[in-house]
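Enquirer: Sharing model.txt below, compact mmCIF, C-alpha atoms and all ligand atoms:
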```txt
# COMPACT_ATOMS: atom_id res chain seq x y z
CA MET T 1 -6.23 -7.31 18.68
CA GLU T 2 -6.51 -11.06 18.32
CA THR T 3 -9.88 -12.70 18.49
CA PRO T 4 -10.07 -14.62 21.75
CA SER T 5 -9.89 -18.37 21.26
CA ASN T 6 -13.15 -20.02 21.99
CA ALA T 7 -12.96 -23.66 23.05
CA GLU T 8 -16.60 -24.28 22.12
CA PRO T 9 -16.98 -25.17 18.46
CA PRO T 10 -19.87 -23.27 16.86
CA ASP T 11 -21.53 -26.44 15.52
CA GLY T 12 -22.03 -27.67 19.07
CA GLY T 13 -19.83 -30.72 18.40
CA THR T 14 -17.39 -32.29 20.81
CA PRO T 15 -14.61 -29.78 21.48
CA ASN T 16 -11.71 -32.27 21.37
CA LYS T 17 -12.80 -34.29 18.33
CA PHE T 18 -10.51 -34.25 15.28
CA ARG T 19 -11.76 -31.89 12.60
CA SER T 20 -10.89 -31.75 8.91
CA GLY T 21 -11.96 -29.92 5.80
CA PHE T 22 -11.27 -27.61 2.90
CA VAL T 23 -10.69 -23.87 3.18
CA ALA T 24 -10.54 -21.49 0.19
CA LEU T 25 -8.21 -18.49 0.18
CA VAL T 26 -9.90 -15.79 -1.90
CA GLY T 27 -9.16 -12.12 -2.41
CA ARG T 28 -7.91 -9.43 -4.76
CA PRO T 29 -4.71 -9.97 -6.71
CA ASN T 30 -1.63 -9.30 -4.53
CA ALA T 31 -3.49 -9.69 -1.21
CA GLY T 32 -0.92 -12.32 -0.22
CA LYS T 33 -2.90 -15.57 -0.63
CA SER T 34 -0.02 -17.58 -2.04
CA THR T 35 2.42 -16.12 0.49
CA LEU T 36 0.08 -17.32 3.23
CA LEU T 37 -0.26 -20.77 1.65
CA ASN T 38 3.52 -21.16 1.43
CA TYR T 39 3.98 -20.05 5.02
CA LEU T 40 1.29 -22.44 6.23
CA VAL T 41 2.73 -25.53 4.53
CA GLY T 42 6.28 -24.47 5.35
CA GLU T 43 7.53 -24.95 1.76
CA LYS T 44 7.29 -22.88 -1.36
CA ILE T 45 4.67 -24.62 -3.49
CA ALA T 46 2.94 -21.54 -4.93
CA ALA T 47 4.44 -18.71 -6.96
CA VAL T 48 4.55 -15.31 -5.27
CA SER T 49 5.23 -11.95 -6.88
CA ASN T 50 4.47 -8.27 -6.54
CA LYS T 51 2.65 -8.41 -9.90
CA PRO T 52 -1.12 -9.03 -9.98
CA GLN T 53 -2.51 -12.29 -11.36
CA THR T 54 0.44 -14.39 -10.28
CA THR T 55 -1.66 -17.46 -9.43
CA ARG T 56 -3.30 -19.09 -12.45
CA HIS T 57 -4.61 -22.37 -10.99
CA LYS T 58 -6.12 -23.60 -7.78
CA ILE T 59 -3.32 -24.96 -5.58
CA GLN T 60 -3.93 -27.08 -2.51
CA GLY T 61 -1.73 -27.04 0.57
CA ILE T 62 -2.24 -29.28 3.57
CA VAL T 63 -1.70 -28.41 7.23
CA THR T 64 -2.03 -31.22 9.78
CA GLN T 65 -2.16 -30.48 13.48
CA GLU T 66 -2.99 -32.46 16.58
CA ASN T 67 -6.62 -31.39 16.56
CA GLY T 68 -7.32 -31.12 12.86
CA GLN T 69 -6.32 -31.13 9.22
CA ILE T 70 -6.91 -28.12 6.99
CA VAL T 71 -6.66 -28.36 3.21
CA PHE T 72 -6.09 -24.82 1.94
CA VAL T 73 -7.14 -24.01 -1.61
CA ASP T 74 -5.20 -21.03 -3.01
CA THR T 75 -7.05 -19.33 -5.86
CA PRO T 76 -6.28 -16.70 -8.52
CA GLY T 77 -6.89 -13.11 -7.41
CA VAL T 78 -10.37 -11.85 -8.26
CA HIS T 79 -10.32 -9.47 -11.24
CA LYS T 80 -12.46 -8.48 -14.24
CA PRO T 81 -11.90 -11.18 -16.85
CA GLY T 82 -10.99 -10.00 -20.34
CA TYR T 83 -9.62 -13.12 -22.03
CA LEU T 84 -10.85 -16.72 -21.97
CA LEU T 85 -7.88 -17.46 -19.70
CA ASN T 86 -9.16 -14.95 -17.15
CA ARG T 87 -12.72 -16.26 -17.38
CA ARG T 88 -11.40 -19.72 -16.58
CA MET T 89 -9.36 -18.32 -13.70
CA MET T 90 -12.49 -16.73 -12.24
CA ALA T 91 -14.42 -19.96 -12.78
CA ALA T 92 -11.74 -21.66 -10.68
CA VAL T 93 -12.40 -19.15 -7.88
CA HIS T 94 -16.17 -19.82 -7.98
CA ASP T 95 -15.53 -23.53 -8.10
CA ALA T 96 -13.25 -23.34 -5.06
CA ILE T 97 -15.73 -21.29 -3.05
CA LEU T 98 -18.48 -23.80 -3.76
CA SER T 99 -16.42 -26.86 -2.91
CA VAL T 100 -14.99 -25.86 0.48
CA ASP T 101 -16.23 -25.90 4.09
CA VAL T 102 -14.92 -22.46 5.04
CA VAL T 103 -14.05 -19.39 2.95
CA ILE T 104 -11.21 -17.07 3.93
CA LEU T 105 -11.40 -13.58 2.52
CA LEU T 106 -7.85 -12.29 2.51
CA ARG T 107 -7.41 -8.56 2.35
CA ASP T 108 -4.33 -6.35 2.19
CA ALA T 109 -4.89 -4.22 5.30
CA SER T 110 -2.22 -1.73 4.27
CA VAL T 111 -4.16 -0.31 1.31
CA SER T 112 -7.55 1.42 1.17
CA THR T 113 -10.73 -0.34 0.10
CA GLY T 114 -11.88 -0.19 -3.53
CA ASN T 115 -14.60 -1.59 -5.78
CA GLY T 116 -12.66 -4.81 -6.23
CA ASP T 117 -12.86 -5.48 -2.50
CA ARG T 118 -16.62 -5.04 -2.59
CA PHE T 119 -16.86 -7.52 -5.45
CA VAL T 120 -14.87 -10.15 -3.53
CA LEU T 121 -16.98 -9.53 -0.45
CA ASP T 122 -20.12 -10.15 -2.51
CA LEU T 123 -18.73 -13.47 -3.70
CA VAL T 124 -18.09 -14.51 -0.13
CA LYS T 125 -21.53 -13.38 0.99
CA GLU T 126 -23.25 -15.26 -1.83
CA SER T 127 -21.43 -18.47 -0.92
CA GLY T 128 -23.40 -18.72 2.31
CA LYS T 129 -20.38 -20.53 3.83
CA PRO T 130 -18.84 -19.73 7.20
CA SER T 131 -16.27 -17.09 6.36
CA ILE T 132 -13.21 -15.66 8.05
CA LEU T 133 -11.81 -12.23 7.25
CA VAL T 134 -8.02 -12.23 7.34
CA LEU T 135 -6.41 -8.81 7.37
CA ASN T 136 -2.95 -9.41 5.94
CA LYS T 137 0.26 -7.36 5.80
CA ILE T 138 -0.16 -5.92 9.29
CA ASP T 139 3.64 -5.56 9.35
CA LYS T 140 3.12 -2.66 6.92
CA VAL T 141 0.52 -0.98 9.13
CA LYS T 142 2.57 1.03 11.61
CA ASP T 143 -0.42 2.37 13.55
CA LYS T 144 -2.45 -0.72 14.43
CA ALA T 145 -5.40 1.46 15.47
CA LEU T 146 -5.97 1.98 11.73
CA LEU T 147 -7.16 -1.62 11.52
CA LEU T 148 -10.17 -0.89 13.70
CA PRO T 149 -12.22 1.13 11.18
CA LEU T 150 -11.49 -1.56 8.58
CA ILE T 151 -12.75 -4.27 10.92
CA GLU T 152 -15.79 -2.19 11.77
CA ASP T 153 -16.67 -1.58 8.10
CA TYR T 154 -16.35 -5.24 7.20
CA SER T 155 -18.32 -6.47 10.19
CA LYS T 156 -21.18 -4.19 9.21
CA GLU T 157 -21.19 -5.67 5.69
CA HIS T 158 -21.11 -9.33 6.60
CA GLU T 159 -21.28 -11.61 9.58
CA PHE T 160 -17.76 -13.02 9.57
CA ALA T 161 -17.23 -16.00 11.84
CA GLU T 162 -13.85 -14.51 12.78
CA ILE T 163 -11.71 -11.52 11.91
CA VAL T 164 -8.00 -12.21 12.20
CA PRO T 165 -5.13 -9.78 11.50
CA VAL T 166 -1.90 -11.50 10.33
CA SER T 167 1.31 -11.02 8.44
CA ALA T 168 1.78 -13.89 5.97
CA LEU T 169 5.24 -12.64 5.06
CA LYS T 170 6.53 -12.44 8.64
CA GLY T 171 4.44 -15.33 9.92
CA GLN T 172 2.74 -13.18 12.55
CA ALA T 173 -0.42 -14.43 14.31
CA ILE T 174 -0.66 -17.52 12.11
CA ASP T 175 -1.15 -19.95 15.03
CA ASN T 176 -4.15 -17.93 16.10
CA LEU T 177 -5.51 -18.08 12.56
CA LEU T 178 -5.16 -21.87 12.43
CA ALA T 179 -6.96 -22.24 15.76
CA GLN T 180 -9.82 -20.07 14.53
CA ILE T 181 -10.16 -22.05 11.29
CA VAL T 182 -10.17 -25.53 12.86
CA LYS T 183 -13.14 -24.58 15.07
CA HIS T 184 -15.29 -24.10 11.99
CA LEU T 185 -14.42 -27.36 10.24
CA PRO T 186 -16.68 -30.40 10.46
CA GLU T 187 -15.68 -33.31 12.68
CA GLY T 188 -13.93 -35.90 10.59
CA GLU T 189 -10.83 -37.95 9.87
CA ARG T 190 -7.72 -36.92 7.94
CA ILE T 191 -8.23 -36.39 4.22
CA PHE T 192 -4.51 -36.71 3.44
CA ALA T 193 -1.60 -38.46 5.17
CA ASP T 194 0.06 -36.55 8.03
CA ASP T 195 3.25 -35.75 6.15
CA GLU T 196 1.65 -34.64 2.89
CA LEU T 197 2.05 -30.94 2.07
CA THR T 198 0.25 -30.76 -1.24
CA ASP T 199 -1.54 -32.94 -3.77
CA GLN T 200 -0.26 -30.72 -6.53
CA PRO T 201 1.72 -32.67 -9.14
CA MET T 202 5.44 -31.79 -9.10
CA ARG T 203 5.18 -30.87 -12.79
CA THR T 204 2.77 -28.05 -11.90
CA ILE T 205 4.89 -26.82 -8.99
CA VAL T 206 7.97 -26.74 -11.21
CA ALA T 207 6.07 -24.67 -13.79
CA GLU T 208 4.93 -22.32 -11.00
CA MET T 209 8.51 -21.81 -9.81
CA VAL T 210 9.66 -20.94 -13.33
CA ARG T 211 6.75 -18.55 -13.72
CA GLU T 212 7.64 -16.86 -10.43
CA LYS T 213 11.19 -16.18 -11.62
CA ILE T 214 9.91 -14.78 -14.92
CA LEU T 215 7.61 -12.42 -13.03
CA ALA T 216 10.44 -11.31 -10.78
CA SER T 217 12.77 -10.46 -13.63
CA THR T 218 10.44 -8.83 -16.18
CA GLY T 219 8.31 -5.69 -16.32
CA GLU T 220 4.58 -5.08 -16.31
CA GLU T 221 3.48 -6.62 -19.62
CA ILE T 222 5.15 -10.03 -19.53
CA PRO T 223 3.29 -11.58 -16.54
CA TYR T 224 -0.04 -11.43 -18.32
CA VAL T 225 1.14 -12.91 -21.62
CA THR T 226 3.22 -15.70 -20.13
CA ALA T 227 2.37 -19.25 -19.19
CA VAL T 228 4.71 -22.07 -18.22
CA VAL T 229 4.09 -25.75 -18.86
CA THR T 230 6.29 -28.68 -17.84
CA GLU T 231 6.37 -30.62 -21.10
CA ARG T 232 8.71 -33.48 -20.26
CA TRP T 233 10.13 -35.08 -17.11
CA ASP T 234 12.83 -37.63 -17.79
CA ASP T 235 13.65 -39.82 -14.80
CA THR T 236 16.22 -42.00 -16.61
CA ASP T 237 18.73 -40.85 -13.99
CA PRO T 238 16.57 -40.69 -10.83
CA ALA T 239 19.38 -38.90 -8.96
CA LYS T 240 19.20 -36.03 -11.45
CA PRO T 241 15.94 -35.87 -13.42
CA LYS T 242 15.80 -33.86 -16.63
CA ILE T 243 12.89 -31.40 -16.68
CA TYR T 244 11.82 -29.51 -19.80
CA CYS T 245 9.54 -26.46 -19.46
CA ALA T 246 7.92 -24.43 -22.22
CA ILE T 247 7.39 -20.72 -21.67
CA TYR T 248 4.49 -19.39 -23.74
CA VAL T 249 4.34 -15.81 -24.96
CA GLU T 250 2.26 -14.14 -27.66
CA ARG T 251 4.81 -12.25 -29.74
CA ASP T 252 8.43 -12.47 -30.90
CA SER T 253 9.22 -9.22 -29.07
CA GLN T 254 8.12 -10.83 -25.79
CA LYS T 255 10.24 -13.87 -26.53
CA GLY T 256 13.18 -11.51 -26.94
CA ILE T 257 12.51 -9.88 -23.56
CA ILE T 258 12.45 -13.22 -21.76
CA ILE T 259 15.57 -14.56 -23.45
CA GLY T 260 17.47 -11.29 -22.96
CA LYS T 261 20.74 -10.18 -24.56
CA GLY T 262 22.84 -13.23 -25.29
CA GLY T 263 20.31 -15.40 -23.42
CA VAL T 264 21.33 -13.88 -20.10
CA LYS T 265 17.83 -13.39 -18.70
CA LEU T 266 16.57 -16.87 -19.54
CA LYS T 267 19.70 -18.31 -17.97
CA LYS T 268 19.05 -16.33 -14.78
CA ILE T 269 15.40 -17.43 -14.69
CA GLY T 270 16.50 -21.04 -15.14
CA SER T 271 19.13 -21.04 -12.43
CA GLU T 272 16.89 -19.30 -9.88
CA ALA T 273 14.01 -21.68 -10.57
CA ARG T 274 16.37 -24.66 -10.41
CA ALA T 275 17.58 -23.60 -6.97
CA ASP T 276 13.99 -23.47 -5.63
CA ILE T 277 13.01 -26.78 -7.23
CA GLU T 278 16.14 -28.55 -5.93
CA LYS T 279 15.39 -27.26 -2.45
CA LEU T 280 11.86 -28.62 -2.61
CA LEU T 281 12.83 -31.99 -4.13
CA GLY T 282 16.01 -32.42 -2.12
CA ILE T 283 17.89 -33.62 -5.23
CA GLN T 284 19.70 -32.01 -8.14
CA ILE T 285 17.87 -31.48 -11.40
CA TYR T 286 18.65 -30.55 -14.96
CA LEU T 287 16.25 -27.81 -16.07
CA GLN T 288 15.81 -26.87 -19.70
CA LEU T 289 13.64 -23.86 -20.61
CA PHE T 290 12.47 -22.91 -24.08
CA VAL T 291 10.22 -20.09 -25.26
CA LYS T 292 7.24 -20.72 -27.57
CA VAL T 293 5.35 -17.98 -29.42
CA VAL T 294 1.63 -18.74 -29.78
CA SER T 295 -0.35 -15.66 -30.74
CA ASP T 296 -3.47 -15.06 -28.67
CA TRP T 297 -3.08 -18.27 -26.62
CA ARG T 298 -5.09 -16.62 -23.83
CA ASN T 299 -8.21 -16.86 -25.99
CA GLN T 300 -7.64 -20.35 -27.35
CA ALA T 301 -9.53 -23.12 -25.61
CA ARG T 302 -7.26 -25.83 -27.00
CA GLU T 303 -4.08 -24.14 -25.81
CA LEU T 304 -5.58 -23.53 -22.39
CA ASP T 305 -6.73 -27.15 -22.16
CA GLY T 306 -3.19 -28.26 -22.99
CA MET T 307 -1.81 -25.98 -20.25
CA GLY T 308 -4.17 -27.49 -17.70
CA VAL T 309 -6.18 -24.25 -17.26
CA LYS T 310 -9.47 -26.02 -16.80
CA GLU T 311 -12.90 -24.79 -17.85
N1 LIG T 401 4.80 -6.66 3.75
C1 LIG T 401 4.10 -7.75 3.44
N2 LIG T 401 4.06 -8.17 2.16
C2 LIG T 401 3.33 -9.28 1.87
C3 LIG T 401 2.63 -10.00 2.88
N3 LIG T 401 1.99 -11.03 2.29
C4 LIG T 401 2.31 -10.96 0.97
N4 LIG T 401 3.12 -9.91 0.71
C5 LIG T 401 3.67 -9.49 -0.61
O1 LIG T 401 2.59 -9.17 -1.46
C6 LIG T 401 2.89 -9.51 -2.83
C7 LIG T 401 1.79 -10.41 -3.38
O2 LIG T 401 1.85 -11.67 -2.73
P1 LIG T 401 1.18 -12.97 -3.35
O3 LIG T 401 1.23 -14.01 -2.30
O4 LIG T 401 1.76 -13.30 -4.69
O5 LIG T 401 -0.34 -12.45 -3.54
P2 LIG T 401 -1.60 -13.25 -4.11
O6 LIG T 401 -2.78 -12.80 -3.33
O7 LIG T 401 -1.34 -14.71 -4.16
O8 LIG T 401 -1.67 -12.65 -5.60
P3 LIG T 401 -2.38 -13.27 -6.92
O9 LIG T 401 -1.88 -14.68 -7.09
O10 LIG T 401 -1.90 -12.37 -8.02
O11 LIG T 401 -3.85 -13.20 -6.71
C8 LIG T 401 4.27 -10.17 -2.79
O12 LIG T 401 5.23 -9.18 -3.14
C9 LIG T 401 4.42 -10.61 -1.33
O13 LIG T 401 5.76 -10.66 -0.90
C10 LIG T 401 2.69 -9.53 4.24
O14 LIG T 401 2.13 -10.08 5.19
N5 LIG T 401 3.44 -8.39 4.45
MG MG T 402 -1.30 -16.02 -5.68
```
Rewrite the coordinates I just gave you, this time as structure tokens.
Ligand SMILES: Nc1nc2c(ncn2[C@@H]2O[C@H](COP(=O)(O)OP(=O)(O)OP(=O)(O)O)[C@@H](O)[C@H]2O)c(=O)[nH]1
Ligand SMILES: [Mg+2]

Expert:
Amino acid sequence: METPSNAEPPDGGTPNKFRSGFVALVGRPNAGKSTLLNYLVGEKIAAVSNKPQTTRHKIQGIVTQENGQIVFVDTPGVHKPGYLLNRRMMAAVHDAILSVDVVILLRDASVSTGNGDRFVLDLVKESGKPSILVLNKIDKVKDKALLLPLIEDYSKEHEFAEIVPVSALKGQAIDNLLAQIVKHLPEGERIFADDELTDQPMRTIVAEMVREKILASTGEEIPYVTAVVTERWDDTDPAKPKIYCAIYVERDSQKGIIIGKGGVKLKKIGSEARADIEKLLGIQIYLQLFVKVVSDWRNQARELDGMGVKE
């Protein structure tokens, strides 16, 4: 099922030259973009959840190999924007597509195609960039022959440089994917140092981890109305920094849901996030969470600016 590796790069360049560049991960919400990014960099830097619209910002993850360096740009899932927040999220997707060398369209191969998929495909087509179709979640597709009609449909719609089935969750066929991507990058030197995994500020990653735990422990409504911002990072004791995160919601009732009876839920969110952050940083931290109610923050440019959700 895997695309055969082709030693000849399509740009006619020298096959063994070091290649480097930027690659956008785009797709519908829940396709598994952030799961793939985390697997690729080998650390959890992006929030993952089974709720749509988990990713709010572009997040970059770096993979350096002997023959090339790929800077992956994870983007929010493509959806119809209702609020200013969502319009900015979609602007981030467009921005990413325009700024990269290669576009990866990630698709959940275990569910049937809908209008949303067509919309994402159109975005990729319009970009005019070399594009790779990645069919994700093949671990959920018991009969692999079912992938063939999907591949056939997509190859009729657009001339993908490669079509690669993978499982981001199980790490299946990822080496093949990396090999296929590197071929399509321009010849060039490293953009980041060999050991760098992300250029994302730790403050943002911490906020992402907290958001992930909120999504995991609340129902359908909360993910959309919640944002997390790291407001203060106190390094007075470098062995155990104090980190203060604000959780934004729109109404008192939502604040109540996140705090839970006797503060139990907020405590759980805090300790789970702390565990992930300590693993990533390799040191202990003190994590303080507090909930802020700001009505309609999703439509307020100033609030969004303050949260780092760029225009
Ligand atoms: N079985 C299976 N589940 C996967 C795979 N990849 C991702 N998932 C699950 O799919 C859900 C969505 O994953 P995310 O990585 O958050 O998806 P996303 O595309 O980043 O979603 P948005 O940020 O909302 O656009 C999570 O529950 C993941 O565990 C896979 O290869 N196999
Ligand atoms: Mg995501």

Enquirer: Name all residues at most 8 Å from Arg251 (chain T) (count all atoms listed in the file; drop same-chain ones fewer than 4 positions away) and give them as a list in words.

Expert: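 Counting only the stated atoms, we get Lys255, Val293, Val294 and Ser295 of chain T.
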
Enquirer: Wanna dump the chain T-ligand LIG 401 (chain T) contacts at 7 Å for me, each residue with its shortest atom pair and the distance in Å to one decimal, counting all atoms listed in the file, ordered by chain and number, as a tab-separated table?

Expert:
```
residue	atom	partner	partner_atom	distance
T:Gly27	CA	T:LIG401	O6	6.5
T:Arg28	CA	T:LIG401	O11	5.9
T:Pro29	CA	T:LIG401	O11	3.3
T:Asn30	CA	T:LIG401	O8	3.5
T:Ala31	CA	T:LIG401	O6	3.8
T:Gly32	CA	T:LIG401	O5	3.4
T:Lys33	CA	T:LIG401	O6	3.9
T:Ser34	CA	T:LIG401	O3	3.8
T:Thr35	CA	T:LIG401	O3	3.7
T:Leu36	CA	T:LIG401	O3	6.5
T:Ala47	CA	T:LIG401	O4	6.5
T:Val48	CA	T:LIG401	O4	3.5
T:Ser49	CA	T:LIG401	O4	4.3
T:Asn50	CA	T:LIG401	O12	3.6
T:Lys51	CA	T:LIG401	O10	6.3
T:Pro52	CA	T:LIG401	O10	4.0
T:Gln53	CA	T:LIG401	O10	3.4
T:Thr54	CA	T:LIG401	O10	3.8
T:Thr55	CA	T:LIG401	O9	3.6
T:Thr75	CA	T:LIG401	O11	7.0
T:Pro76	CA	T:LIG401	O11	4.6
T:Gly77	CA	T:LIG401	O11	3.1
T:Val78	CA	T:LIG401	O11	6.8
T:Asn136	CA	T:LIG401	O14	5.2
T:Lys137	CA	T:LIG401	O14	3.4
T:Ile138	CA	T:LIG401	O14	6.3
T:Asp139	CA	T:LIG401	N5	5.7
T:Lys140	CA	T:LIG401	N1	5.4
T:Val166	CA	T:LIG401	O14	6.7
T:Ser167	CA	T:LIG401	O14	3.5
T:Ala168	CA	T:LIG401	O14	3.9
T:Leu169	CA	T:LIG401	O14	4.0
T:Lys170	CA	T:LIG401	O14	6.1
```

Enquirer: Could you check the closest approach to Gly13 (chain T) for each of T:Gly270, T:Gly82, T:Gly188, T:Gly282 and tell me which residue wins, using only C-alpha atoms?

Expert: T:Gly188

Enquirer: Would you list the residues near (-17.9, -27.3, 10.9) (no more than 8 Å away, in the coordinates of the file, using only C-alpha atoms) as a list in words?

Expert: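 Every residue inside that radius is included here: Pro9, Pro10, Asp11, Arg19, Asp101, Lys183, His184, Leu185, Pro186 and Glu187 of chain T.
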
Enquirer: For Ser217 (chain T), work out the shell of residues within 8 Å, counting all atoms listed in the file and skipping chain neighbours fewer than 2 positions away, then give it as a list in words.

Expert: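 In the requested form, the answer reads Lys213, Ile214, Leu215, Gly219, Lys265 and Ile269 of chain T.
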
Enquirer: With only C-alpha atoms as the atoms that count, which of T:Asp175, T:Glu162, T:Asp95, T:Asp122 lies nearest to Gln65 (chain T)?

Expert: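 Ranked by minimum distance to Gln65 (chain T), first place goes to T:Asp175.
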
Enquirer: Just the residues within 6 Å of Val63 (chain T), please, counting only C-alpha atoms, with nothing from its chain fewer than 5 positions along; format it as a PyMOL selection string.

Expert: chain T and resi 41+69-70

Enquirer: Taking all atoms listed in the file into account, name the residue in T:Ile222, T:Ala227, T:Leu25, T:Ala91 that is nearest to ligand MG 402 (chain T).

Expert: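 Of all the options, T:Leu25 lies closest to ligand MG 402 (chain T).
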
Enquirer: May I ask for the distance between CA of Ala161 (chain T) and CA of Lys129 (chain T), given in Å to one decimal place?

Expert: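 Between these atoms lies a distance of 9.7 Å.
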
Enquirer: To one decimal in Å, tell me the separation between CA of Glu303 (chain T) and CA of Val229 (chain T).

Expert: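 If I compute the distance from CA of Glu303 (chain T) to CA of Val229 (chain T), I get 10.8 Å.
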
Enquirer: So, with all atoms listed in the file as the atoms that count, which of T:Leu281, T:Val309, T:Ile174, T:Leu197 lies closest to Val228 (chain T)?

Expert: T:Val309

Enquirer: Using all atoms listed in the file, which of the listed residues (T:Asp74, T:Glu231, T:Glu189, T:Glu278) sits closest to ligand MG 402 (chain T)?

Expert: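 Answer, going by the shortest atom-to-atom distance: T:Asp74.
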
Enquirer: What is the distance between CA of Phe22 (chain T) and CA of Glu196 (chain T), in Å to one decimal?

Expert: 14.7 Å

Enquirer: For region 232-249 of chain T, find every residue with an atom within 6 Å (counting only C-alpha atoms), except residues of its own chain fewer than 3 positions away, and show them as an NGL selection string.

Expert: :T and (225-229 or 284-293)
